[in-house]
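Here's the structure, in structure tokens; my notes come after.
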Amino acid sequence: MLSLTVDLPTPYHRWRAGVKLGALCASTMILYAISQIELQLIALGGVAVLYAVPSWSFFKLGVQVVRRLWLMIVLIFGYHLIWGDPYVGAVIVLRLTSAIALASLVTLTTALRDIQAVLDWLMTPLARLGLRTSAVSLAIALMIRFVPHILLMWDRLNDSWRLRSARRPSWRIVFPIVLGVLEDADHVSDALRARGGI
């Protein structure tokens, strides 16, 4: 599976995982409380600055994250443009773009084991009740690890489509991506069973 953390050195790598996850939760709540498009644009600009601070290469990585959201942006804004309020659609698109970019910033600069350690700590009360919280934290960690893997599959299928057709990739590539994810999930499940589970 593809690792999330990038090798590019950034100041964010030195921050504790709990601090970054807490800041992510707080900033996401603030984003969802804002309904003015001007403030959402300022917030998105602030996220862009966070990506630009470490280096130009890291900023380009953030641009790649946003570019992969184009289908979601088109669908959401298109729906509100036709059946709803375009202003509301623009606010929702900006809000989601900022939130996803912030979440990607955290996962790009935080080792997966550190995220899992924070999740284990948060679920300590449940563990004291006798629940197997390690299974939950592992499931969340695997879900996070699958995200860049799915994006990589999407990019490869896009490239394959462009090599074989002059038309732009369409919704037809979604089906092979789903099949690929299910196949990879089976492989991960077999590997966990072979190692005795959790």
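Chain labels run A, B, ... following the order of the structure tokens; each chain numbers its residues from 1, and ligands are numbered from 1 in the order shown.
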
Mind checking which residues fall within 12 Å of A:Val74, counting only C-alpha atoms, ignoring those fewer than 6 positions away in the same chain, and posting them as a PyMOL selection string? chain A and resi 67-68+80-82+86+89-90+92-94

Using C-alpha atoms, can you write the selected residues to a file as a PDB file, in the first residue's frame?
ATOM      1  CA  ARG A  67      -7.003  19.096  -8.851  1.00  0.00           C
ATOM      2  CA  ARG A  68      -8.169  15.589  -7.976  1.00  0.00           C
ATOM      3  CA  HIS A  80     -26.808  23.889  -7.245  1.00  0.00           C
ATOM      4  CA  LEU A  81     -26.495  25.790 -10.509  1.00  0.00           C
ATOM      5  CA  ILE A  82     -29.400  23.875 -12.062  1.00  0.00           C
ATOM      6  CA  PRO A  86     -25.330  28.945  -7.180  1.00  0.00           C
ATOM      7  CA  GLY A  89     -23.082  25.793  -4.220  1.00  0.00           C
ATOM      8  CA  ALA A  90     -19.968  27.975  -4.416  1.00  0.00           C
ATOM      9  CA  ILE A  92     -20.105  24.408  -0.283  1.00  0.00           C
ATOM     10  CA  VAL A  93     -17.410  23.802  -2.914  1.00  0.00           C
ATOM     11  CA  LEU A  94     -14.997  26.230  -1.251  1.00  0.00           C
TER      12      LEU A  94
END

Any idea what's packed within 7 Å of A:Thr109, counting only C-alpha atoms, ignoring anything in its chain fewer than 3 positions away? Could you give it as a PyMOL selection string? chain A and resi 5-6+12-13+105-106

N, CA and C atoms of the current selection, written as a tab-separated table (two decimals), in the first residue's frame:
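selection.tsv, written as the output of this step:
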chain	number	residue	atom	x	y	z
A	5	THR	N	2.75	9.78	4.24
A	5	THR	CA	3.67	10.83	4.62
A	5	THR	C	4.68	11.10	3.51
A	6	VAL	N	4.88	12.39	3.21
A	6	VAL	CA	5.84	12.77	2.18
A	6	VAL	C	7.21	12.98	2.80
A	12	TYR	N	5.61	21.31	9.72
A	12	TYR	CA	4.46	20.57	10.25
A	12	TYR	C	4.82	19.16	10.68
A	13	HIS	N	5.91	18.60	10.13
A	13	HIS	CA	6.33	17.27	10.54
A	13	HIS	C	6.72	17.24	12.01
A	105	LEU	N	-3.19	17.91	4.34
A	105	LEU	CA	-1.99	18.48	4.95
A	105	LEU	C	-1.58	17.71	6.19
A	106	VAL	N	-2.57	17.31	6.99
A	106	VAL	CA	-2.30	16.54	8.19
A	106	VAL	C	-1.75	15.16	7.85

Compile a residue-level contact table for stretch 74-104 of chain A against stretch 19-27 of chain A at a cut-off of 12 Å, reporting for every qualifying residue the shortest atom pair and its distance in Å to one decimal, with only C-alpha atoms counted, rows ordered by chain and ascending number, as a Markdown table.
| residue | atom | partner | partner_atom | distance |
| --- | --- | --- | --- | --- |
| A:Arg95 | CA | A:Ser27 | CA | 10.7 |
| A:Leu96 | CA | A:Ser27 | CA | 11.9 |
| A:Ser98 | CA | A:Ser27 | CA | 9.5 |
| A:Ala99 | CA | A:Ser27 | CA | 8.0 |
| A:Ile100 | CA | A:Leu24 | CA | 10.0 |
| A:Ala101 | CA | A:Leu24 | CA | 10.3 |
| A:Leu102 | CA | A:Leu24 | CA | 6.8 |
| A:Ala103 | CA | A:Leu24 | CA | 6.7 |
| A:Ser104 | CA | A:Leu24 | CA | 10.1 |

Name the residues in contact with A:Met123 at a cut-off of 10 Å, using only C-alpha atoms, excluding same-chain residues fewer than 2 positions from it; report them as a ChimeraX atom specification. /A:117-121,125-128,131-134,136-137

Please compute the atom CA of A:Leu8-atom CA of A:Pro54 distance, one decimal, in Å.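 A separation of 8.6 Å between them.
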
For A:Ala141, please output as a ChimeraX atom specification all residues within 9 Å (counting only C-alpha atoms; exclusion window: fewer than 3 positions along the same chain). /A:112-113,115-116,136-138,144-146

From a DSSP calculation on the backbone, collect every residue of stretch 4-188 of chain A in helix (DSSP H, G or I) and output the set as a ChimeraX atom specification. /A:11-14,17-33,37-52,56-67,70-83,86-108,112-122,124-128,133-164,171-188

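Atom CA of A:Ala185 is positioned 28.0 Å from atom CA of A:Leu163.
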